[in-house]
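One structure is given below, encoded as structure tokens.
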Amino acid sequence: MGGEDKQITLSKENGDGIHAIATRGDLAQPEFASHKVNGVRQPNATLSFCMSKKAIILCDTDPSHGSATPVELSFQTRYGDIVKYGWFGNEYICASFSGGFFVIVGTHNEERGEERYSKQLITDSGIVDMAICKSMQRAAVAGSSTIKFVDLADMHDIPSETISIPGVSRAQTIEWSMDGSVLSVACKGGEVFHYLVKVPVLHAVWGSNIATLASLREICIADAGKIDQPLLQFTLGMEPSLVGMGPLHIAVAQNSVVHIHSLKKRGGQLGAPKEYVGSLQALALNKTRIAALVDSRVTVERIDGEGEAMVYPERGDKSVTSMCIADEFLIFSDLKGALSIVYLPTQALITDFRHSCGITYICCNRSGSRVLFIDETGEGFIFTPVDDSAHPIPDWPHGSRTAIWDAHDDDTLVVCDKDQCHTFAFHSSTVDGAIVKKVGHSTKKPSGFEPIFLNHSQLVCQTRGGSLTRVKLNSHSLLDGEVTSGDRDRLLLRMRQAINLGRIQLAWQIALVLNSKEQFKEVADGALLHMDIETARMALRAYGDVGMVLSLERLLHEEDRNLLAGHVHIMNGNADSAEELFMASSRPIEALEMRRDLLQWDKAMALAEKLAPQEIPSICLQSGQQAEFRGDHRTALNMYSRALDGGLRGTEKDSCMAGVAKAHMRLGNLSQGLRIAQSSGSKSLARQCAEILENMKQLAEAALLYEQAGLLEKAVKIHLQGRNYSEAQRMMSKVESPSLHAMFAKAMESQHKYREALASFQRAGDMEAQVRLYLEHLNNPTEALALVRANRLTSCATQAAKYCEQHGDYRATVEFLVMAGKVDQATGIAEKRGVMDALAQAVGDGGSDEVNLKIADQYDRAGQYIEAAMFYKKCKRLDRAMDLYMKAGDEGLELSVQLAAEANNSALSRKLLTHLQGEGKDQIPKDPKYIYKLHLMLKDYTRAAGTCLSLATGMMESGQYMAARNILRDAVVDLRQAGTVPPPAIQRLLTLLHSYIIVKPSVKRGDHVNGAQMLVRCAQSISTFESHIVPILTSTVLECYRAKMRKTAFEYASMLMRPEYRPKIAEAFKKKVEQVVRKRDNSELEQSASPCPMCGHPVFDTQLQCPSCNSSLPFCIVSGYHIVGSDCTQCPGCKFPARLSLMQQLQANGENCPMCSINLKPVHLPQVNAADLVKAESASQAASDATAEEEQKQAAADDFGFA
């Protein structure tokens, strides 16, 4: 509430106050609005007031979720007083002011108080009232005599829909109807006006005339250039559903009845209505005829009623999808992919184009020379009747519903989808033939606007109120006005729009104003695409490409379009297309010139023979060079000779002579070729001839030519081969070749120049030679041995071993002998010199059986049993290895189990099992876990399970139920991972133990029924808990009684009264048990049931076998109940199943898995199909049963169960 004390008070429904807020002014117009609180939209989270007609106050209704301090939205003083405000959309406020201003502000935290829209809509009298229609996202603003509208979705006013109140009436109050179709205005004089502001969108177009439905029964006809000045307006006798217009008539239809009105008679009806039999889908008219699409067939008849009506198609199915009329042509399409054009005066079918699939929509330009169609796949095409060709439209906007051709440009159209208008241009004469191109950025279609007419850059649209308005296309947005108007960025965009639309002259004029080389190049590229040679030449001259300008100047007056297109393709690098166009032109010689310019000599020769034989000598030279490259020297010599015979001069003659020299050498004419090469002075020719001479073993001459050619490595190599070391050494510092350095190093070593030899061996990378020099000549063993260890080369290692043995370093000797692969020799030295440990370290895993045996014996004698056993194992002395492992304690027992599993030897396994059972020499039983691991690793799962069962039974006898459960759990996990099913005995015992363990957590959670049921399950097998029979029975009685299972409590209380149990009952519970027996109560809590995951039959939750389908049902590790199909998961750790809802409760409480104790908090609990778990377990059980008989046979054949 806002009071006279200028205070805002928020109260609950019962009157209790929430909080009060003091303000600075008088309060009015309270409104509640939704607001996001912590990312969630809350209704009535914000309360707003108008304060003193100058500001709007925003208050959070719940201060705990917002601010206790109100937010004040102030406005500019020039706006005047606030008349009215309101909320709309996503937390926006619109406000109207006495100064005629309408303002939209945001209330989000990031834009609070920011004006998104502000405009003075009423200038004469100020705003008197405002109304918001949220369904249409519009606001109506009333002045004294004018009403204007604002589109709240796009935040802009709509001048075309302004309403003027008639007479002297003055508006006082305005209000929308519920659906937003009618706006009511109440005036000060008592008048009430109702305005229809939303009418059906119907329209028709012929030429520049547009017919629209101005109201429900009123047709308005206007010229596209003057949409605000109607040419004709008349009233209909019905509400039409279709409209069609020709140059002289307009047709309106209601259902299947069509009324034709004459435009000359200012809308007077012409004759009687035409009634069609069927569903009327579309109307189209020309000067004399009307076409109607009725039940997917087109009916054409004269408007004056003379003659017979024609129906298309004349035969076949009714499958016409769309039609239109262009002057004297009827165009229609069908679902079979046909696009047909009929010449109406003669009724002749002049075009019958067939598309690959059905056509759903067509639209033609004013002359019918271009037809856009959309096929049933949603793709768009432009069809040209002149050549019956269909051109796919790139970047086609799928979901488009409307296409409009430009009324003044037959090659431009707009395609409209739900939100955007896309401009396309069809260019029929480019270097690539006819192409379709998307032009510029798409134009956003204002809300409620229906495009109906395109006039240059202006898209005429019909609004919801029936009025017409214009929308500027982004593709044409900058093309109007003076060329020089606008800043540089605007001019650049304008130029590119002109290029995209094919308006090259306009683009050139703009480029001249911009005066930039980049823009000149853009205009040149666009002009070349459209083969505007003059504009391209001027643009390239301004760009500075003299070569291109000269090439284009000779094409200025060329009228052959093939020739022009061919030259443009050359400029774009498409030679094959250019040759095709040149050969089809009036000057095919251009193809030869192109191939010569591109150095494609084979093709040039072929063209020259047909087109220009006089060019053959020059082409022969180049053809000879190609033949030489291919290795066809005879052909090359012939070509060179043919070229020389043709009278070549200058450099061409020199190139030809070089080719002749090489060809003579390769063909065996050495003296003639050598003479030409020496006299030429060419390094390239010298190198090529030197290679030829070297291959021919003419080494002395080859070396000279290599040096003349500057190829020093080649020259050095030949000098070394000729033992001319002084000449070679002179050039060695400039040589990088390792092989040449190796050759030179050997030569230096032979002359006892060891330092020079070492340096060259290092540059050559010869490790063996370096080691040899260090050991034999330079006396540096440290460097030599380090080099051997780093590179581990066999030959180097042999040298190092020999040196170490000579100098008494036997450990190093053994190391290097092993590295050299001489293990036998290394073994002999190790035995002789007592360094077997060095041999073991060097051999690793690569020793032979004999070597490994010697090493093992050495370790055995030293009492290092594990090391000895490892080497006995390597030499396959498994029995001895087993003996030593068994001597080595627990670590040895682990390794002995692995050895038995890897060996897969029954005798070895029996020996180990005897030792583990305490039946060996020491007569001491070992930890049974090793027996279990042995059976498991040997895949004797039956005995592994038996061992595990024995371990668990022993623990249970001593009361270690948790430890027993864990052993059984691990066994189940191990057996499942091994691909086998745990025996039923293990699973039953695990179920029983786990049921007992989860009693305490269930009771702690307050679930006494679950705890009692689990205790009953244990009590039913009470002999399993031999050491705790009385405590378990006592707990069963007490929990059953607490869970209202009184009959069950009496049964187990009676059992406790037996003489063998009664004395053992704890004194604290004895009276309670006796009371249960004395006061017998047969009432029993009804057991809960859940559907079986397999058959859906209800099964008691505590029952683990379905009585209907006999399926064994896994138990839930949280509750002990059977799992349920729709509420099942698996623990990520142990993979045991559970009810998903119960596991999620544990996870939320921060508890661990009841089975494996892993932390559930950070893990994801997947939903699992319980039926799949039951099926998998049943299948595994069946496979296990099938192999049970074979396992029994194996057990009978071998007392210990080993194969």
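Residue names in the structure tokens use chain letters A, B, ... in the order shown, residue numbers from 1 in each chain, and ligand numbers from 1 in the order shown.
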Legend entry - Residues flagged strand (DSSP E) by DSSP in stretch 1036-1181 of chain A, as a PyMOL selection string: chain A and resi 1089-1091+1098-1100+1129-1130+1137-1138
Dump of N, CA, C and O atoms for the selected residues, as a short mmCIF file (atom, residue, chain, number, x, y, z; two decimals), in the first residue's frame:
data_model
loop_
_atom_site.label_atom_id
_atom_site.label_comp_id
_atom_site.auth_asym_id
_atom_site.auth_seq_id
_atom_site.Cartn_x
_atom_site.Cartn_y
_atom_site.Cartn_z
N ALA A 1089 5.33 -55.29 -1.42
CA ALA A 1089 5.70 -56.07 -2.61
C ALA A 1089 6.03 -55.12 -3.75
O ALA A 1089 5.56 -53.98 -3.81
N SER A 1090 6.87 -55.60 -4.65
CA SER A 1090 7.27 -54.83 -5.85
C SER A 1090 7.25 -55.77 -7.05
O SER A 1090 7.40 -57.00 -6.90
N PRO A 1091 7.06 -55.24 -8.26
CA PRO A 1091 6.97 -56.12 -9.43
C PRO A 1091 8.29 -56.78 -9.76
O PRO A 1091 9.36 -56.21 -9.61
N PRO A 1098 3.82 -59.34 -8.86
CA PRO A 1098 4.19 -58.80 -7.55
C PRO A 1098 4.95 -59.83 -6.72
O PRO A 1098 4.54 -60.99 -6.59
N VAL A 1099 6.08 -59.39 -6.16
CA VAL A 1099 6.93 -60.26 -5.34
C VAL A 1099 7.21 -59.51 -4.04
O VAL A 1099 7.52 -58.31 -4.06
N PHE A 1100 7.08 -60.26 -2.89
CA PHE A 1100 7.40 -59.62 -1.61
C PHE A 1100 8.81 -59.07 -1.66
O PHE A 1100 9.72 -59.69 -2.21
N THR A 1129 20.25 -49.41 -9.76
CA THR A 1129 21.58 -48.89 -10.11
C THR A 1129 22.62 -49.91 -9.68
O THR A 1129 22.27 -50.99 -9.16
N GLN A 1130 23.90 -49.59 -9.91
CA GLN A 1130 25.00 -50.43 -9.46
C GLN A 1130 26.03 -49.55 -8.78
O GLN A 1130 26.29 -48.43 -9.23
N PRO A 1137 24.23 -54.56 -7.23
CA PRO A 1137 23.04 -53.76 -7.52
C PRO A 1137 22.41 -53.20 -6.26
O PRO A 1137 22.62 -53.69 -5.15
N ALA A 1138 21.63 -52.15 -6.47
CA ALA A 1138 20.89 -51.53 -5.37
C ALA A 1138 19.72 -50.76 -5.97
O ALA A 1138 19.68 -50.49 -7.17
#
Legend entry - Of the listed residues A:Leu454, A:Met731, A:Ile616, A:Ile219, that which approaches A:Gly646 most closely, counting only C-alpha atoms: A:Ile616
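The smallest atom-to-atom distance between A:Leu785 and any of A:Met767, A:Cys59, A:Ile227, A:Cys1153, using only C-alpha atoms, is found for A:Met767.
Computed from the coordinates, the atom CA of A:Leu778 to atom CA of A:Tyr803 distance equals 13.7 Å.
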Could you build a table of the residues in stretch 100-181 of chain A lying no more than 12 Å from stretch 466-474 of chain A, giving for each the nearest pair of atoms and their separation in Å rounded to one decimal place, using only C-alpha atoms, ordered by chain and ascending residue number, as a Markdown table?
| residue | atom | partner | partner_atom | distance |
| --- | --- | --- | --- | --- |
| A:Ile158 | CA | A:Thr469 | CA | 9.0 |
| A:Pro159 | CA | A:Thr469 | CA | 8.8 |
| A:Ser160 | CA | A:Thr469 | CA | 6.2 |
| A:Glu161 | CA | A:Ser467 | CA | 6.7 |
| A:Thr162 | CA | A:Ser467 | CA | 10.0 |
| A:Ile163 | CA | A:Ser467 | CA | 11.4 |
| A:Ser181 | CA | A:Gly466 | CA | 11.5 |
Legend entry - Polymer residues at most 8 Å from stretch 817-821 of chain A, only C-alpha atoms, same-chain spacing of 4 or more positions, as a PyMOL selection string: chain A and resi 792-798+801+813+825-826+839+842-843
Inset, instruction - Just give me the gap between atom CA of A:Lys874 and atom CA of A:Ala830 in Å, one decimal is fine. - result: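 Between atom CA of A:Lys874 and atom CA of A:Ala830 the gap is 19.0 Å.
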Legend entry - Given only C-alpha atoms as the counted atoms, nearest of A:Ala1053, A:Val549, A:Ala434, A:Ala338 to A:Ile382: A:Ala434
Inset, instruction - Using backbone DSSP assignments, extract all alpha helix (DSSP H) residues from stretch 748-858 of chain A; output them as a ChimeraX atom specification. - result: /A:748-750,754-764,767-776,781-791,794-806,810-819,823-833,836-843,849-858
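Distance check against A:Leu213 using only C-alpha atoms: of A:Gly267, A:Gly378, A:Gly113, A:Gly465, the minimum falls on A:Gly465.
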Legend entry - For atom CA of A:Ile1117 and atom CA of A:Leu1142, the interatomic separation in Å (one decimal):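 It comes out at 9.5 Å.
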